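**Student:** Below: one structure in structure tokens.
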Amino acid sequence: MALGFILLACIRIPLASRELGLTSDEPQHFACGLEYLAKHVYRYETQHPPLARVMTALIPYLSGARPTGKPDREDEGVGILIHASDPDAFLASMRLGILPFFVAASLITFFWTRYAFDGPTAVFATLLFTLLPPVLAHGGLATTDMGLTACLAAAFYSAVRWCEVTSIKRSVLFGLATAAAALTKFTSLVYLPAAFAIALVAWYLAAKPTASRVISLIRFRAAFFGLAVLVGAIAIWAAYFFHFDTFPAPEFFDGIASVREHNRGGHLSYLLGNVSWSGFWYYFPVVLAVKTPIAFLILLAIGFGLACRNRASLSYGLPLALALGILFPAMTGHINIGVRHVLPVYVPLSILAAAGLARLSAHPKLAITAAVLILWMAASGFRSHPDYLAYFNEFAGNDPERILVDSDLDWGQSTKMLARRLKELGAAEVSYGVDNGRSNYLQVWPGLPKIHPIHPMIPAEGWTAVNPTTDRTAQYGLYHRYPGRQPWFDDMEPVERVGPLRLYYIAPGTLRRVR
């Protein structure tokens with residue numbers, strides 16, 4: 001049954017993603033991965049490690065794609081894509097490389113739940129995980145977030161099994177899984193230690209070991225832990241082609257330094273009508289509250305209640321430890337641009353929610369309630385097909401952009417739908433985007449009409465497509481520097497919406513008559 005749920009999701013994900021245009025980060029990840037495969041170097045950008053990026057470029061590389069040598073990684077990725085014989089198929093091949101990470105994350109959810117509870121609960125956990133719209137969305141994009149979800153969960157679960165039975169084989173697996181997490185996204189270097197620390201506290205409170213028992217456990221496992229560290233270090237170095245420049249894998253440490261600098265400088269983010277460069281400590285709790293199906297949240301609340309009742313049980317404590325190990329560090333960071341940055345949290349949360357679902361299902365009078373919640377969750381996700389990226393639950397209402405934008409709502413994925421709609425409307429021109437020269441490729445693929453940049457204070461005749469992210473965060477260049485002033489279209493009702501994009505129309509000659 002679990003494999004059946006995974007298979008259904010593996011069908012849904014490509015069917016949905018083929019309807020979506022290129023998101024902001026995909027060409028950059030692809031270009032870096034292609035450089036890695038073709039040139040055996042990793043120089044375009046080191047802020048993200050190579051593993052998931054390589055997967056985005058693997059199928060195109062095997063199909064003959066090669067670097068063209070553009071100095072800018074985005075220009076490189078976009079240029080290769082739009083000059084492919086079939087850009088849609090090319091993008092699909094990029095995204096298909098991430099699907100194995102989704103399968104791996106789903107299987108880890110199943111096996112961990114079966115280990116902690118039983119088979120039926122593991123089936124429930126797999127079902128819930130594969131129905132989550134954020135999971136479906138990022139399982140179909142050529143980015144690093146689903147890779148982190150699978151590898152971080154694998155690293156934590158392998159650590160749990162290593163603690164249970166410590167051996168050479170499990171030490172090697174522990175080291176490799178941890179290396180895979182570090183090679184997918186550098187946030188794992190913060191999330192994993194935090195999760196391990198909370199898990200140790202949970203174990204200590206449950207087992208209440210004596211000091212001598214703790215010392216004995218440490219002595220027995222020290223050598224095996226050293227083996228795991230050695231295996232992980234060699235794997236990371238090997239992933240960077242055993243490059244040595246003063247020290248091994250300099251790109252790895254340069255990437256860590258880049259992430260730290262990025263976090264120190266912050267990132268322009270938006271939440272509940274406010275803009276900040278330093279982020280919001282409550283950003284990710286709000287994100288999870290509105291980006292997660294309400295039915296799932298209800299089941300999670302039941303699972304959390306069971307965890308509170310069974311505080312001595314590590315079956316509940318360990319998933320909770322991983323969830324908190326992800327959320328606590330994320331809430332202290334300064335980069336708040338999407339649920340994707342805490343996407344791995346859905347693995348342990350699915351386990352806890354499945355425990356709640358199993359408890360409901362086991363009660364004769366509540367089994368119908370359990371079925372209704374599953375159907376509600378499935379229907380809630382299906383209504384956002386194919387754009388799972390822009391999914392919001394019923395808490396968000398009809399205007400989710402007042403809560404969140406960026407990769408939670410509009411990440412550039414609506415351009416194919418926009419091109420199709422403008423063609424139906426017979427539009428020869430459209431005002432869209434800003435004057436950065438990078439929107440020109442959209443006229444080649446997916447085939448937008450002639451594009452003019454949007455001026456925030458000068459209305460444009462004809463069609464105007466407004467990107468909520470650029471509007472809410474940067475006001476198309478105003479950057480909230482002028483209190484009381486806002487772009488001209490914010491006072492108008494859009495003619496319609498194309499995905500999250502707002503489409504406006506001013507009849508030709510209207511502005512001249514007004515003047």
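Going by the structure tokens order, chains are called A, B, ..., each with residues numbered from 1, while ligands are numbered from 1 in the order shown.
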Would you mind listing what lies within 12 Å of Leu288 in chain A as a PyMOL selection string, with only C-alpha atoms counted and same-chain residues fewer than 4 positions away left out?
**Tutor:** chain A and resi 132-134+282-284+292-294+296-297+300+323+327+338-343+345-346+349+391-393+395-396+403-404+408
**Student:** Using DSSP on the backbone coordinates, identify the residues of range 248-367 of chain A assigned to helix (DSSP H, G or I); present them as number ranges by chain.
**Tutor:** A: 250-265, 283-291, 294-309, 314-332, 339-362, 367
**Student:** Quick one: of A:Cys163, A:Ala197, A:Leu148, A:Pro49, who's nearest to Ala181 in chain A, counting only C-alpha atoms?
**Tutor:**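 Answer, going by the shortest atom-to-atom distance: A:Leu148.
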**Student:** Taking the chain letters and numbering used in this document, name the residues of range 109-290 of chain A that DSSP puts in strand (DSSP E or B), as a list in words.
**Tutor:**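 Selecting the strand (DSSP E or B) positions of range 109-290 of chain A gives Phe244, Asp245, Phe247, Pro248, Ser269, Tyr270, Leu271, Asn274, Val275 and Ser276 of chain A.
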**Student:** Let me see the file: selected residues, C-alpha atoms, as an mmCIF file, in the first residue's frame.
**Tutor:**
```cif
data_model
loop_
_atom_site.group_PDB
_atom_site.id
_atom_site.type_symbol
_atom_site.label_atom_id
_atom_site.label_comp_id
_atom_site.auth_asym_id
_atom_site.auth_seq_id
_atom_site.Cartn_x
_atom_site.Cartn_y
_atom_site.Cartn_z
ATOM 1 C CA PHE A 244 43.200 19.939 -2.027
ATOM 2 C CA ASP A 245 44.256 23.576 -1.695
ATOM 3 C CA PHE A 247 43.160 21.880 3.082
ATOM 4 C CA PRO A 248 40.839 19.218 1.621
ATOM 5 C CA SER A 269 11.566 38.750 3.023
ATOM 6 C CA TYR A 270 7.856 39.423 3.400
ATOM 7 C CA LEU A 271 5.340 38.306 6.015
ATOM 8 C CA ASN A 274 5.777 43.568 6.557
ATOM 9 C CA VAL A 275 9.140 43.582 4.790
ATOM 10 C CA SER A 276 12.438 42.822 6.485
#
```
**Student:** List the neighbours of Glu493 in chain A out to 10 Å using only C-alpha atoms; skip same-chain residues closer than 6 positions along the sequence, and give me the result as a PyMOL selection string.
**Tutor:** chain A and resi 502-505
**Student:** Please provide the set of residues having any atom within 12 Å of range 304-309 of chain A, restricted to only C-alpha atoms, with same-chain residues fewer than 3 positions apart removed, written as a PyMOL selection string.
**Tutor:** chain A and resi 202+297-301+312-321+323+348-360
**Student:** Between A:Gly21, A:Pro508, A:Gly175, A:Pro329, which one has atoms that come closest to Ala154 in chain A, using only C-alpha atoms?
**Tutor:**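 Distance minimum relative to Ala154 in chain A lands on A:Gly175.
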**Student:** What's the separation between CA of Tyr44 in chain A and CA of Arg260 in chain A, in Å to one decimal place?
**Tutor:**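 So the two atoms, CA of Tyr44 in chain A and CA of Arg260 in chain A, lie 18.0 Å apart.
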**Student:** Rank nothing, just name the residue among A:Thr46, A:Thr166, A:Thr473, A:Thr149 nearest to Phe253 in chain A, using only C-alpha atoms.
**Tutor:**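 For Phe253 in chain A, the nearest of the candidates is A:Thr46.
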**Student:** Determine the nearest neighbour of Leu409 in chain A from the options A:His452, A:Arg421, A:Lys291, A:His29, counting only C-alpha atoms.
**Tutor:**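 Between A:His452, A:Arg421, A:Lys291, A:His29, the residue approaching Leu409 in chain A most closely is A:Lys291.
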**Student:** For CA of Phe224 in chain A and CA of Tyr157 in chain A, determine how far apart the two atoms are, in Å to one decimal place.
**Tutor:** 16.6 Å
**Student:** Pick the closest to Phe196 in chain A from A:Ala235, A:Gly325, A:Ser85, A:Leu176: which is it, counting only C-alpha atoms?
**Tutor:**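 With only C-alpha atoms as the atom set, the closest residue is A:Gly325.
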**Student:** For a quick check of understanding, using only C-alpha atoms, which of A:Ala38, A:Met457, A:Ala92, A:Val201 has the smallest distance to Gly69 in chain A?
**Tutor:**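 Of the candidates, the smallest distance to Gly69 in chain A is held by A:Ala38.
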**Student:** List the neighbours of Phe241 in chain A out to 8 Å using only C-alpha atoms; skip same-chain residues closer than 2 positions along the sequence, and give me the result as a ChimeraX atom specification.
**Tutor:** /A:40-41,237-239,243
**Student:** Using CA of Leu442 in chain A and CA of Lys423 in chain A as the two end points, give the distance in Å to one decimal.
**Tutor:**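 Between these atoms lies a distance of 13.5 Å.
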**Student:** Find the residues around Ile168 in chain A up to 8 Å (only C-alpha atoms counted), leave out those fewer than 3 positions away in its own chain, and share them as a ChimeraX atom specification.
**Tutor:** /A:171-172,224,227
**Student:** Write the residues of the preceding selection, restricted to C-alpha atoms, as a PDB file, in the first residue's frame.
**Tutor:**
```pdb
ATOM      1  CA  SER A 171      28.732   3.223  11.248  1.00  0.00           C
ATOM      2  CA  VAL A 172      29.540   3.330   7.533  1.00  0.00           C
ATOM      3  CA  PHE A 224      32.516   3.444  15.827  1.00  0.00           C
ATOM      4  CA  LEU A 227      34.686   5.524  11.859  1.00  0.00           C
TER       5      LEU A 227
END
```
**Student:** Neighbouring residues of Gln475 in chain A were defined as those with any atom within 8 Å, considering only C-alpha atoms; residues of the same chain fewer than 6 positions away were excluded. Please report them as a short mmCIF file (atom, residue, chain, number, x, y, z; two decimals) with C-alpha atoms, in the first residue's frame.
**Tutor:**
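Saved to around-v5.cif:
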```cif
data_model
loop_
_atom_site.label_atom_id
_atom_site.label_comp_id
_atom_site.auth_asym_id
_atom_site.auth_seq_id
_atom_site.Cartn_x
_atom_site.Cartn_y
_atom_site.Cartn_z
CA PRO A 456 5.36 51.36 -10.63
CA GLN A 486 2.25 52.43 -3.96
CA PRO A 487 2.30 51.08 -7.52
#
```
